[in-house]
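Enquirer: Take this structure, written in structure tokens, and hold onto it; I'll ask about it next.
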Amino acid sequence: MTDNLVKETQGQIEEGIDRQGQMEQTAVSSENVEVSGHKQVEAAQNADVKGSTELSSSDALGSISEASSESSAEGQPSGEVDFGAMLMEYEQEQSAFSRGKIVSGKVVGFTEKAMMVDFGHKSEGIVDISEVIKPDGSFKLKEGDEIEVVIRHIDSSDNPPILSYLDVLRRRAWGEIIAAYKSKQPIRCNVVEKVKGGLKVEIKGVEAFLPASLVDSHPTDASKFVGQEIEVKVIKCNRKKNNIVVSRKAITDEIIKKQKDALFSQIGEGYVVEGTVKGVLDYGAFVDIGGVDGLLHVTEMAWEKIEHPSKLFNVGDKIQVKILSINRKKEKISLSYKQLLPDPWDIVPEKYPVGSVVKGKVISIVDYGAFIELEPGVEGLVHVSEMTWSKRPKHPKKMVSKGQEVEVKILEVDPSKRRLNFSIKSLIPNPWDSVDEKYPAGTIVKGVVRSLTNFGAFVEVEEGVDGFVHISEITWKKIKHPREALKKKQKVEAKVLKIDHQRKRLSLSIKALQPSAWDLFMQNHRPGDIVRGKISRFTNFGVFVQLAED
């Protein structure tokens, strides 16, 4: 009886092993899957019997009975293992580990080339080490960290599954990026480096481009954002082309607009506010007066002229300014600093009356004169005609130099136009006051030819005293134009014929200092001499004969 039971038990075990083999072959044909039922049968077959080294018939029956009872509980005939259910369970398990799926796992170790992750598969997966290593050589993760990964490659061989940590981040990031793009909501990113035309940024591992023109609402140095985390808006998004363009300016514009709206409702022209100098340019400075930049023009920085705004203000300076004008439509504000300072022109008429003689400094020279500063904010013009008594004055820069201290006489004070007119020549004796004494008729003078006209030549006798030589007084010869005998800048000697006080010039003669042709002829000939001549013309009363060339 006992022998029969043992034989029966052994037959059932062999039958189970045969079925397991069939299942293993089936599993191998469907990606070499291991069947957990094989382990159960193997455990029953190799059950350790306490206190005996031999398998008794009763122990074998007990093992078969347990297997039979488990099978019976699942609706299977007693004594049979449900390998079909086991296969189904395996296939369901493997369907969770298909390529492209996101799975959870735990970091279990690192090698030189990979990070190992236990994600519930029979084999640990590997992530390329480049995905988790920082520039300084340290790791972004550590052993024991719970993470999500994407299955890039998996098969039934003994090769470990290939996983990606960055792919998960990119997928999650792309989802957030697309959502932010559609909703027009801000999203945070890290500025990686400055590139041509802008900045390269990363949004949770996904690269994007921030154009330089969209970095800020005002011109700024984009490189200062490298290494920072900033908030941007996605303005262009194409996942297929992996193209993302973001804008920080879109956010700063909104902030500035809100600040402007709030500020404009609280301020008005004439208000005095405190601000911070944000930028200094050639024409002025931009001052932040509470989230809104106003322009402080260079002419409103001081009552006097300044060489450059940077001479007075630097970026970051805290200053008080007066609001001159507000253009709410164009959102522009004009500011003044000098309006908060004492105006020196308030006392100019009393301090600098007409006719007074004062000293000043030449601050600029122009073609029509020179500007003289009496004190900061108080300056006036010396017109070129008031710099010398000469009728042909030189260029102002040949008479004065920038920075030179000069003495001037005040000719005019106009507080409404904030204008002063000066004269330098008024402090110099007028040469015409003594011309009668110095150049009476008959005086021989020396001068320089300054200009030639069709009817004569102007000669400068001294600065402020000119003479005129008519064409008939240039030479005894007959000439059609003064340039036949004279040229500009030529030094000449002439005789004063008369003084023209009305025109303030001397009438001169050059030929009066030269012997005439008649005088020369008479010096060489006497009455009775026989001479040769050339008939020049006939008249009713006689014939004209030319005896000499002149």
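Within each chain, counting starts at residue 1; across the structure tokens, chains are named A, B, ... in the order shown, with ligands numbered 1 upward in that order.
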Excluding stretch 150-157 of chain A and any residue of its chain fewer than 5 positions from it, enumerate the residues within 8 Å of it, using only C-alpha atoms, and give them as a PyMOL selection string.
Expert: chain A and resi 31-33+97-103+162-165+167-168
Enquirer: Need the shell around A:Phe371: protein/DNA/RNA residues with any atom at most 6 Å away, counting only C-alpha atoms. Skip same-chain ones fewer than 4 positions apart. Format as an MDAnalysis selection string?
Expert: chainID A and resid 362:364 380:381
Enquirer: Write out as a ChimeraX atom specification all residues of stretch 179-222 of chain A that backbone DSSP assigns to helix (DSSP H, G or I).
Expert: /A:179-183,212-214,222
Enquirer: In terms of the shortest atom-to-atom distance over only C-alpha atoms, which of A:Lys495, A:Ile235, A:Glu484, A:His395 is closest to A:Gly447?
Expert: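 Between A:Lys495, A:Ile235, A:Glu484, A:His395, the residue approaching A:Gly447 most closely is A:Lys495.
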Enquirer: Extract, using only C-alpha atoms, all DNA, RNA and protein residues at most 12 Å from A:Arg392, discarding same-chain residues fewer than 5 positions from it, and format them as a tab-separated table (two decimals) with C-alpha atoms, in the first residue's frame.
Expert:
```tsv
chain	number	residue	atom	x	y	z
A	384	VAL	CA	32.44	138.64	-32.80
A	385	SER	CA	31.60	142.23	-33.74
A	386	GLU	CA	32.17	143.22	-30.09
A	387	MET	CA	35.54	141.55	-29.82
A	450	ARG	CA	42.73	143.28	-47.32
A	451	SER	CA	40.34	143.11	-50.27
A	458	PHE	CA	40.72	148.36	-49.10
A	459	VAL	CA	43.86	148.79	-47.04
A	460	GLU	CA	44.12	148.18	-43.30
A	462	GLU	CA	45.92	149.54	-38.24
A	463	GLU	CA	43.34	147.43	-36.38
A	464	GLY	CA	40.11	149.42	-36.57
A	465	VAL	CA	41.39	151.96	-39.14
A	466	ASP	CA	40.89	151.17	-42.82
```
Enquirer: Would you work out the distance separating atom CA of A:Asn454 from atom CA of A:Val496, expressed in Å to one decimal?
Expert: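 These two atoms are separated by 21.0 Å.
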Enquirer: Nearest to A:Val406 among A:Glu300, A:Asp158, A:Glu373, A:Glu143, with distances taken over only C-alpha atoms: which residue is it?
Expert: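 Ranking A:Glu300, A:Asp158, A:Glu373, A:Glu143 by distance to A:Val406, first place goes to A:Glu373.
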Enquirer: For A:Leu324, list every protein, DNA or RNA residue within 12 Å, evaluated using only C-alpha atoms, and leave out those in the same chain fewer than 4 positions away; present the list as a ChimeraX atom specification.
Expert: /A:267-273,294-297,300,332-340
Enquirer: Go ahead and write the selection's residues with N, CA and C atoms as a CSV table (one decimal), in the first residue's frame.
Expert:
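As a result, part_19.csv now contains:
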```csv
chain,number,residue,atom,x,y,z
A,267,ILE,N,0.8,110.8,-8.8
A,267,ILE,CA,1.7,112.0,-8.9
A,267,ILE,C,1.1,113.0,-9.9
A,268,GLY,N,1.7,114.2,-9.9
A,268,GLY,CA,1.3,115.2,-10.9
A,268,GLY,C,2.5,116.1,-11.1
A,269,GLU,N,2.3,117.0,-12.1
A,269,GLU,CA,3.4,118.0,-12.4
A,269,GLU,C,3.6,118.9,-11.2
A,270,GLY,N,4.9,119.1,-10.9
A,270,GLY,CA,5.3,119.9,-9.8
A,270,GLY,C,5.6,119.1,-8.6
A,271,TYR,N,5.3,117.8,-8.6
A,271,TYR,CA,5.6,117.0,-7.4
A,271,TYR,C,7.1,116.8,-7.3
A,272,VAL,N,7.5,116.8,-6.0
A,272,VAL,CA,8.9,116.4,-5.8
A,272,VAL,C,9.0,115.0,-5.2
A,273,VAL,N,9.8,114.2,-5.9
A,273,VAL,CA,9.8,112.8,-5.6
A,273,VAL,C,11.3,112.3,-5.4
A,294,GLY,N,12.0,108.1,-15.3
A,294,GLY,CA,11.8,109.4,-15.9
A,294,GLY,C,13.1,109.9,-16.4
A,295,LEU,N,13.0,110.8,-17.4
A,295,LEU,CA,14.2,111.4,-18.0
A,295,LEU,C,14.6,112.7,-17.4
A,296,LEU,N,15.8,112.7,-16.8
A,296,LEU,CA,16.4,113.9,-16.3
A,296,LEU,C,17.4,114.4,-17.4
A,297,HIS,N,16.9,115.4,-18.2
A,297,HIS,CA,17.8,115.9,-19.3
A,297,HIS,C,19.0,116.6,-18.8
A,300,GLU,N,18.6,120.0,-17.4
A,300,GLU,CA,17.8,120.2,-16.2
A,300,GLU,C,18.6,119.7,-15.0
A,332,LYS,N,5.5,108.9,-20.5
A,332,LYS,CA,6.8,109.6,-20.3
A,332,LYS,C,6.8,110.6,-19.3
A,333,ILE,N,7.9,110.7,-18.5
A,333,ILE,CA,8.0,111.7,-17.4
A,333,ILE,C,9.3,112.5,-17.6
A,334,SER,N,9.2,113.8,-17.5
A,334,SER,CA,10.3,114.7,-17.6
A,334,SER,C,10.6,115.2,-16.2
A,335,LEU,N,11.9,115.2,-15.8
A,335,LEU,CA,12.3,115.5,-14.5
A,335,LEU,C,13.3,116.7,-14.5
A,336,SER,N,13.4,117.3,-13.3
A,336,SER,CA,14.4,118.4,-13.2
A,336,SER,C,15.1,118.3,-11.8
A,337,TYR,N,16.4,118.5,-11.8
A,337,TYR,CA,17.1,118.5,-10.5
A,337,TYR,C,17.4,120.0,-10.2
A,338,LYS,N,17.7,120.8,-11.2
A,338,LYS,CA,18.1,122.1,-10.9
A,338,LYS,C,17.0,123.0,-10.4
A,339,GLN,N,15.7,122.6,-10.6
A,339,GLN,CA,14.6,123.3,-10.2
A,339,GLN,C,14.5,123.3,-8.6
A,340,LEU,N,15.2,122.4,-8.0
A,340,LEU,CA,15.2,122.3,-6.6
A,340,LEU,C,16.4,123.1,-6.0
```
